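**Student:** Please find my_file-v7.pdb (PDB, C-alpha atoms) on the next line:
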```pdb
ATOM      1  CA  MET A   1     134.058 -29.708  96.745
ATOM      2  CA  ARG A   2     136.115 -29.567  93.561
ATOM      3  CA  ILE A   3     133.966 -32.274  92.007
ATOM      4  CA  ASN A   4     130.877 -30.127  92.495
ATOM      5  CA  LEU A   5     132.597 -27.149  90.884
ATOM      6  CA  ASN A   6     133.650 -29.316  87.937
ATOM      7  CA  ASN A   7     130.127 -30.666  87.543
ATOM      8  CA  THR A   8     128.720 -27.149  87.703
ATOM      9  CA  TYR A   9     131.274 -25.976  85.179
ATOM     10  CA  LEU A  10     130.564 -28.885  82.821
ATOM     11  CA  TYR A  11     126.842 -28.336  83.176
ATOM     12  CA  LYS A  12     127.290 -24.712  82.153
ATOM     13  CA  ILE A  13     129.325 -25.700  79.119
ATOM     14  CA  LEU A  14     127.146 -28.586  77.970
ATOM     15  CA  TYR A  15     123.614 -27.522  78.815
ATOM     16  CA  THR A  16     123.480 -23.764  78.690
ATOM     17  CA  ASP A  17     124.159 -21.256  75.987
ATOM     18  CA  THR A  18     127.054 -19.425  77.593
ATOM     19  CA  MET A  19     128.770 -16.480  76.097
ATOM     20  CA  LYS A  20     131.604 -15.173  78.191
ATOM     21  CA  ALA A  21     132.200 -11.440  78.531
ATOM     22  CA  ARG A  22     135.372  -9.752  79.662
ATOM     23  CA  LEU A  23     135.302  -7.815  82.926
ATOM     24  CA  ASN A  24     138.108  -5.548  84.067
ATOM     25  CA  ILE A  25     138.287  -4.699  87.750
ATOM     26  CA  THR A  26     140.709  -2.679  89.821
ATOM     27  CA  ILE A  27     141.645  -3.894  93.299
ATOM     28  CA  GLU A  28     144.529  -3.316  95.671
ATOM     29  CA  ALA A  29     147.671  -5.304  94.787
ATOM     30  CA  PRO A  30     147.998  -7.016  98.218
ATOM     31  CA  LEU A  31     144.381  -8.148  98.010
ATOM     32  CA  LEU A  32     144.919  -9.580  94.523
ATOM     33  CA  LYS A  33     147.985 -11.437  95.785
ATOM     34  CA  GLU A  34     145.940 -13.067  98.570
ATOM     35  CA  VAL A  35     143.095 -13.897  96.193
ATOM     36  CA  LYS A  36     145.526 -15.595  93.809
ATOM     37  CA  LYS A  37     146.891 -17.690  96.700
ATOM     38  CA  ILE A  38     143.384 -18.809  97.633
ATOM     39  CA  ALA A  39     142.555 -19.580  93.987
ATOM     40  CA  ALA A  40     145.723 -21.649  93.652
ATOM     41  CA  LYS A  41     144.873 -23.640  96.806
ATOM     42  CA  LYS A  42     141.395 -24.340  95.403
ATOM     43  CA  ASN A  43     142.851 -25.088  91.966
ATOM     44  CA  ILE A  44     140.579 -22.571  90.227
ATOM     45  CA  SER A  45     141.160 -19.281  88.477
ATOM     46  CA  VAL A  46     140.423 -15.860  89.918
ATOM     47  CA  SER A  47     137.872 -15.434  87.127
ATOM     48  CA  GLU A  48     136.061 -18.590  88.259
ATOM     49  CA  MET A  49     136.023 -17.298  91.828
ATOM     50  CA  VAL A  50     134.515 -13.985  90.732
ATOM     51  CA  GLU A  51     131.976 -15.720  88.487
ATOM     52  CA  ASN A  52     130.948 -18.113  91.280
ATOM     53  CA  TYR A  53     130.494 -15.182  93.645
ATOM     54  CA  PHE A  54     128.362 -13.309  91.116
ATOM     55  CA  GLU A  55     126.222 -16.435  90.623
ATOM     56  CA  ILE A  56     125.663 -16.663  94.369
ATOM     57  CA  ILE A  57     124.623 -13.040  94.821
ATOM     58  CA  THR A  58     122.325 -13.039  91.781
ATOM     59  CA  ARG A  59     120.423 -16.235  92.705
ATOM     60  CA  PRO A  60     116.756 -15.732  93.490
ATOM     61  CA  LYS A  61     116.250 -15.464  97.224
ATOM     62  CA  ARG A  62     114.873 -18.502  98.967
ATOM     63  CA  LYS A  63     111.740 -18.085 100.987
ATOM     64  CA  LEU A  64     111.933 -18.737 104.676
ATOM     65  CA  LEU A  65     110.169 -21.832 105.926
ATOM     66  CA  THR A  66     107.931 -19.677 108.111
ATOM     67  CA  GLU A  67     106.785 -17.715 105.041
ATOM     68  CA  ILE A  68     105.843 -20.943 103.277
ATOM     69  CA  LEU A  69     104.078 -22.326 106.347
ATOM     70  CA  ASP A  70     102.079 -19.119 106.791
ATOM     71  CA  LYS A  71     100.545 -19.655 103.352
ATOM     72  CA  LEU A  72      99.318 -23.160 104.160
ATOM     73  CA  PRO A  73      95.646 -23.563 105.067
ATOM     74  CA  LYS A  74      94.951 -23.421 108.783
ATOM     75  CA  VAL A  75      93.799 -26.614 110.471
ATOM     76  CA  ASN A  76      91.171 -26.439 113.176
ATOM     77  CA  ILE A  77      92.320 -28.693 116.018
ATOM     78  CA  PRO A  78      90.285 -28.784 119.225
ATOM     79  CA  GLU A  79      92.323 -27.728 122.245
ATOM     80  CA  ASN A  80      91.239 -30.715 124.323
ATOM     81  CA  LYS A  81      92.543 -33.242 121.743
ATOM     82  CA  LYS A  82      96.076 -34.479 121.309
ATOM     83  CA  LEU A  83      97.501 -34.649 117.812
ATOM     84  CA  SER A  84      98.452 -38.262 118.317
ATOM     85  CA  GLU A  85      94.835 -39.151 119.167
ATOM     86  CA  LEU A  86      93.565 -37.386 116.064
ATOM     87  CA  TYR A  87      96.163 -39.150 113.941
ATOM     88  CA  TYR A  88      95.211 -42.607 115.182
ATOM     89  CA  GLU A  89      91.499 -41.861 114.810
ATOM     90  CA  GLU A  90      92.076 -40.924 111.155
ATOM     91  CA  LYS A  91      94.162 -44.040 110.579
ATOM     92  CA  MET A  92      91.403 -46.195 112.071
ATOM     93  CA  LYS A  93      88.851 -44.579 109.730
ATOM     94  CA  GLU A  94      91.126 -45.293 106.740
ATOM     95  CA  TYR A  95      91.637 -48.865 107.893
ATOM     96  CA  LYS A  96      87.905 -49.453 108.313
ATOM     97  CA  ASN A  97      87.194 -47.967 104.882
ATOM     98  CA  GLU A  98      89.715 -50.334 103.282
ATOM     99  CA  GLN A  99      87.947 -53.421 104.633
TER     100      GLN A  99
END
```
Starting from the file, lay out its structure as C-alpha cells.
**Tutor:**
Amino acid sequence: MRINLNNTYLYKILYTDTMKARLNITIEAPLLKEVKKIAAKKNISVSEMVENYFEIITRPKRKLLTEILDKLPKVNIPENKKLSELYYEEKMKEYKNEQ
C-alpha cells in the first residue's frame, strides 16, 4: 500500500502543477493523538492523511453499472430462443462469410 501512496505522491510532484496551501484545523487533543499514532504506523504525515481524504471525497462520483447498462441500446431477443443458440447461429454466419 505504501508503494501506491509513494507513486501517487511522486506523480503529483512530477506531473501536476501543485501549489500547497496551509490549512489550520481544530480537533480534540485525544483524537489528534490517535491520528498521529495511525499516521506513524502508516509512515505518513497527518497532512498527507488529510490530503488523501480530501482527494477521496472530492473525486467525481462513479456511475453505477446499472446506470451504464440502462443507457445501452436494447436488444430484441425472441422469448423462444436461447442466447447460446443465437450466439452460435451468428458465429456460423461469420464463418460462412469468411469462406
**Student:** Any idea what the distance is between atom CA of Ser45 of chain A and atom CA of Arg59 of chain A?
**Tutor:** 21.4 Å
**Student:** Using all atoms listed in the file, can you tell me which of A:Leu65, A:Glu89, A:Ile77, A:Leu23 comes closest to Val46 of chain A?
**Tutor:**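 Closest to Val46 of chain A, using all atoms listed in the file: A:Leu23.
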**Student:** Using only C-alpha atoms, determine which residues lie at most 12 Å from Asn24 of chain A, disregarding the query and same-chain residues fewer than 2 positions distant; provide the list as an mmCIF file with C-alpha atoms, in the coordinates of the input.
**Tutor:**
```cif
data_model
loop_
_atom_site.group_PDB
_atom_site.id
_atom_site.type_symbol
_atom_site.label_atom_id
_atom_site.label_comp_id
_atom_site.auth_asym_id
_atom_site.auth_seq_id
_atom_site.Cartn_x
_atom_site.Cartn_y
_atom_site.Cartn_z
ATOM 1 C CA ALA A 21 132.200 -11.440 78.531
ATOM 2 C CA ARG A 22 135.372 -9.752 79.662
ATOM 3 C CA THR A 26 140.709 -2.679 89.821
ATOM 4 C CA ILE A 27 141.645 -3.894 93.299
ATOM 5 C CA SER A 47 137.872 -15.434 87.127
ATOM 6 C CA VAL A 50 134.515 -13.985 90.732
#
```
**Student:** Report the distance between atom CA of Met19 of chain A and atom CA of Ile44 of chain A in Å, rounded to one decimal place.
**Tutor:**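 These two atoms are separated by 19.4 Å.
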**Student:** To one decimal place in Å, what is the distance between atom CA of Glu90 of chain A and atom CA of Val75 of chain A?
**Tutor:**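 Straight-line distance from atom CA of Glu90 of chain A to atom CA of Val75 of chain A works out to 14.4 Å.
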**Student:** Return as AutoDock Vina command-line options the box centre and box size in Å, one decimal, for an axis-aligned box around all listed atoms of segment 87-96 of chain A padded by 6 Å per side.
**Tutor:**
```
--center_x 92.0 --center_y -44.3 --center_z 111.0 --size_x 20.3 --size_y 22.3 --size_z 20.4
```
